[in-house]
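A.B. asks: First the structure, which I've put down as structure tokens, then a few questions once you've had a look.
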Amino acid sequence: MARRRRGRPVNGMLIVDKPQGLSSNDVVQKAKRLFGAQKVGHTGSLDPLATGVLPLCFGEATKFSQFLLSSDKKYWVRIKLGVATDTGDADGDVIAQSEASHVTAVDVEGTLGSFRGDIEQIPSMFSALKHNGQPLYKLARQGIEVPRDARCVHIFSNELVGFGNCEFELEIHCSKGTYVRTIAEEIGKALNVGAHVTALRRLSAGPFDEDDLISLDRLETERESGSLDKFLMPTASAVGQWPEVRLTDATSFYLKQGQPALVPHAPSSGWVRLCELNGQEESFLGVGEVLDDGRVAPRRLVAG
């Protein structure tokens with residue numbers, strides 16, 4: 001007999017302003033409790049030190065979390081020169097210190113070109129990546145270090161937006177899998193003074209940015225006066241930046257059966273958002289991919 005899931009069925013996206021000091025999973029559990037929801041997940045961890053855009057998927061929206069995991073991100077980061085830590089951020093233990101008062105903004109600017117475009121990064125031992133089923137950070141806390149393969153990421157932009165008192169600020173637009181802490185550490189090494197992250201804020205994740213944010217404190221307050229569902233964004237917003245393909249009843253029938261179909265005016269390639277027309281109303285059906293022969297194949301559909 002299947003175990004009955006606790007909570008109520010809730011579907012949609014919630015874009016939380018993650019507070020400093022909480023893990024991403026802490027935020028998920030708080031949101032799940034506040035909404036009394038059956039199923040909630042996040043779309044890519046933020047370190048406890050970090051704040052900002054943390055999209056949460058409720059119910060049917062969890063089917064599309066993978067697309068947010070693979071989306072581009074934007075960050076603001078403050079980096080301290082002259083101090084290196086074992087974690088690459090202010091939550092770690094200091095492992096080296098050096099004089100950094102001679103470093104100028106021009107010096108920092110001179111390093112940034114090496115951290116634009118395609119770059120390779122070796123993930124930190126204090127990351128959430130797993131080795132034989134164990135998160136690396138748990139191994140690191142036991143004093144265990146394991147080999148990690150370098151990974152290619154793409155830095156679309158990396159701009160200096162503040163400098164002073166042996167600290168500088170960057171705004172970074174990057175691909176999935178980028179470790180901002182690693183960029184900070186590598187800049188410190190390039191300047192021969194060491195460096196670590198003292199503050200980090202995610203400004204956007206895929207289609208979501210700071211305009212979409214709601215704080216946990218406000219959710220707590222609003223819960224006392226009524227339903228929180230008004231703060232949920234539609235499930236379709238998870239792929240809101242994708243081109244929309246509108247389906248007739250006949251076409252949607254085939255896609256719901258898992259069969260590709262020709263759709264007039266569809267893009268010639270790539271991923272699309274599928275919208276079913278019901279009279280004058282539209283409903284989100286899921287996502288599809290345009291095949292080489294021009295047909296649209298269903299990839300992930302919401303429950304009927």
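Residue numbers start at 1 in each chain; chains themselves are named A, B, ... in the order of the structure tokens; ligands are numbered from 1 in the order shown.
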For Ser283 (chain A), list every protein, DNA or RNA residue within 12 Å, evaluated using only C-alpha atoms, and leave out those in the same chain fewer than 5 positions away; present the list as a VMD selection string.

C.D. replies: chain A and resid 234 to 236 244 to 249 252 273 to 278 301 to 304

A.B. asks: What lies within 6 Å of region 118-125 of chain A using only C-alpha atoms, ignoring chain neighbours under 6 positions off, as a ChimeraX atom specification?

C.D. replies: /A:136-137,140,150-154

A.B. asks: How would the residues just picked look written out with N, CA and C atoms as a PDB file, in the first residue's frame?

C.D. replies:
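Ended up saving to part29.pdb:
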ATOM      1  N   LEU A 136      30.860  16.440  -0.706  1.00  0.00           N
ATOM      2  CA  LEU A 136      32.266  16.771  -0.483  1.00  0.00           C
ATOM      3  C   LEU A 136      32.484  17.534   0.818  1.00  0.00           C
ATOM      4  N   TYR A 137      31.544  18.419   1.175  1.00  0.00           N
ATOM      5  CA  TYR A 137      31.765  19.226   2.378  1.00  0.00           C
ATOM      6  C   TYR A 137      31.789  18.364   3.639  1.00  0.00           C
ATOM      7  N   ALA A 140      35.218  16.950   3.720  1.00  0.00           N
ATOM      8  CA  ALA A 140      36.179  17.998   4.083  1.00  0.00           C
ATOM      9  C   ALA A 140      36.197  18.241   5.585  1.00  0.00           C
ATOM     10  N   ALA A 150      38.406  18.894 -13.091  1.00  0.00           N
ATOM     11  CA  ALA A 150      38.087  20.268 -13.491  1.00  0.00           C
ATOM     12  C   ALA A 150      36.844  20.258 -14.366  1.00  0.00           C
ATOM     13  N   ARG A 151      36.035  21.310 -14.230  1.00  0.00           N
ATOM     14  CA  ARG A 151      34.801  21.423 -15.016  1.00  0.00           C
ATOM     15  C   ARG A 151      34.832  22.739 -15.781  1.00  0.00           C
ATOM     16  N   CYS A 152      34.334  22.702 -16.996  1.00  0.00           N
ATOM     17  CA  CYS A 152      34.281  23.908 -17.820  1.00  0.00           C
ATOM     18  C   CYS A 152      32.994  24.670 -17.535  1.00  0.00           C
ATOM     19  N   VAL A 153      33.117  25.944 -17.237  1.00  0.00           N
ATOM     20  CA  VAL A 153      31.965  26.827 -17.055  1.00  0.00           C
ATOM     21  C   VAL A 153      32.174  28.053 -17.933  1.00  0.00           C
ATOM     22  N   HIS A 154      31.116  28.830 -18.088  1.00  0.00           N
ATOM     23  CA  HIS A 154      31.217  30.017 -18.940  1.00  0.00           C
ATOM     24  C   HIS A 154      30.858  31.266 -18.135  1.00  0.00           C
TER      25      HIS A 154
END

A.B. asks: Residues within 8 Å of Ser24 (chain A), please, as number ranges by chain. Count only C-alpha atoms; anything in the same chain fewer than 6 positions from it doesn't count.

C.D. replies: A: 18, 42, 45-48, 54

A.B. asks: Which residue gives the smallest distance to Pro267 (chain A) among A:Glu171, A:Asp72, A:Asp292, A:Glu282, with only C-alpha atoms counted?

C.D. replies: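 Among the listed residues, A:Asp292 lies closest to Pro267 (chain A).
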
A.B. asks: Apply DSSP to the backbone of this structure and, from region 98-295 of chain A, keep only the residues in helix (DSSP H, G or I); write these as an MDAnalysis selection string.

C.D. replies: chainID A and resid 105:115 136:141 180:190 210:212 216:223 229:231 235:239 249:256

A.B. asks: Residues of the last selection are to be written out with C-alpha atoms, as a PDB file, in the first residue's frame.

C.D. replies:
ATOM      1  CA  ALA A 105      41.663  48.479  -8.490  1.00  0.00           C
ATOM      2  CA  VAL A 106      43.756  48.438 -11.661  1.00  0.00           C
ATOM      3  CA  ASP A 107      45.528  45.311 -10.388  1.00  0.00           C
ATOM      4  CA  VAL A 108      42.203  43.592  -9.786  1.00  0.00           C
ATOM      5  CA  GLU A 109      40.908  44.672 -13.199  1.00  0.00           C
ATOM      6  CA  GLY A 110      44.016  43.159 -14.718  1.00  0.00           C
ATOM      7  CA  THR A 111      43.090  39.692 -13.432  1.00  0.00           C
ATOM      8  CA  LEU A 112      39.457  39.680 -14.528  1.00  0.00           C
ATOM      9  CA  GLY A 113      40.117  38.889 -18.172  1.00  0.00           C
ATOM     10  CA  SER A 114      41.259  35.426 -17.087  1.00  0.00           C
ATOM     11  CA  PHE A 115      37.830  34.828 -15.591  1.00  0.00           C
ATOM     12  CA  LEU A 136      32.266  16.771  -0.483  1.00  0.00           C
ATOM     13  CA  TYR A 137      31.765  19.226   2.378  1.00  0.00           C
ATOM     14  CA  LYS A 138      31.081  16.350   4.792  1.00  0.00           C
ATOM     15  CA  LEU A 139      34.325  14.687   3.746  1.00  0.00           C
ATOM     16  CA  ALA A 140      36.179  17.998   4.083  1.00  0.00           C
ATOM     17  CA  ARG A 141      34.937  18.420   7.644  1.00  0.00           C
ATOM     18  CA  VAL A 180      32.061  32.184  -7.214  1.00  0.00           C
ATOM     19  CA  ARG A 181      34.198  31.257  -4.195  1.00  0.00           C
ATOM     20  CA  THR A 182      36.666  29.582  -6.542  1.00  0.00           C
ATOM     21  CA  ILE A 183      36.870  32.723  -8.681  1.00  0.00           C
ATOM     22  CA  ALA A 184      37.624  34.743  -5.527  1.00  0.00           C
ATOM     23  CA  GLU A 185      40.352  32.289  -4.495  1.00  0.00           C
ATOM     24  CA  GLU A 186      41.916  32.276  -7.959  1.00  0.00           C
ATOM     25  CA  ILE A 187      41.972  36.081  -8.125  1.00  0.00           C
ATOM     26  CA  GLY A 188      43.707  36.114  -4.740  1.00  0.00           C
ATOM     27  CA  LYS A 189      46.309  33.655  -6.027  1.00  0.00           C
ATOM     28  CA  ALA A 190      46.843  35.702  -9.185  1.00  0.00           C
ATOM     29  CA  GLU A 210      15.046  40.375  -7.381  1.00  0.00           C
ATOM     30  CA  ASP A 211      11.721  41.860  -8.500  1.00  0.00           C
ATOM     31  CA  ASP A 212      10.146  38.432  -7.882  1.00  0.00           C
ATOM     32  CA  LEU A 216      10.468  34.272   4.765  1.00  0.00           C
ATOM     33  CA  ASP A 217       9.601  36.928   7.364  1.00  0.00           C
ATOM     34  CA  ARG A 218       6.813  38.290   5.170  1.00  0.00           C
ATOM     35  CA  LEU A 219       5.498  34.794   4.536  1.00  0.00           C
ATOM     36  CA  GLU A 220       5.386  34.202   8.287  1.00  0.00           C
ATOM     37  CA  THR A 221       3.450  37.451   8.784  1.00  0.00           C
ATOM     38  CA  GLU A 222       1.063  36.926   5.867  1.00  0.00           C
ATOM     39  CA  ARG A 223       0.270  33.392   6.975  1.00  0.00           C
ATOM     40  CA  ASP A 229      -0.961  30.843  -2.375  1.00  0.00           C
ATOM     41  CA  LYS A 230      -1.249  34.362  -3.804  1.00  0.00           C
ATOM     42  CA  PHE A 231       2.554  34.557  -3.694  1.00  0.00           C
ATOM     43  CA  THR A 235       4.357  26.572 -12.945  1.00  0.00           C
ATOM     44  CA  ALA A 236       4.932  27.809 -16.513  1.00  0.00           C
ATOM     45  CA  SER A 237       7.086  30.663 -15.176  1.00  0.00           C
ATOM     46  CA  ALA A 238       9.902  28.135 -14.592  1.00  0.00           C
ATOM     47  CA  VAL A 239      10.419  28.154 -18.365  1.00  0.00           C
ATOM     48  CA  ASP A 249      -7.082  20.049 -29.087  1.00  0.00           C
ATOM     49  CA  ALA A 250      -6.092  17.652 -31.856  1.00  0.00           C
ATOM     50  CA  THR A 251      -2.374  18.409 -31.621  1.00  0.00           C
ATOM     51  CA  SER A 252      -2.288  18.331 -27.821  1.00  0.00           C
ATOM     52  CA  PHE A 253      -3.978  14.893 -27.921  1.00  0.00           C
ATOM     53  CA  TYR A 254      -0.953  13.389 -29.677  1.00  0.00           C
ATOM     54  CA  LEU A 255       1.578  15.111 -27.428  1.00  0.00           C
ATOM     55  CA  LYS A 256      -0.261  13.894 -24.332  1.00  0.00           C
TER      56      LYS A 256
END
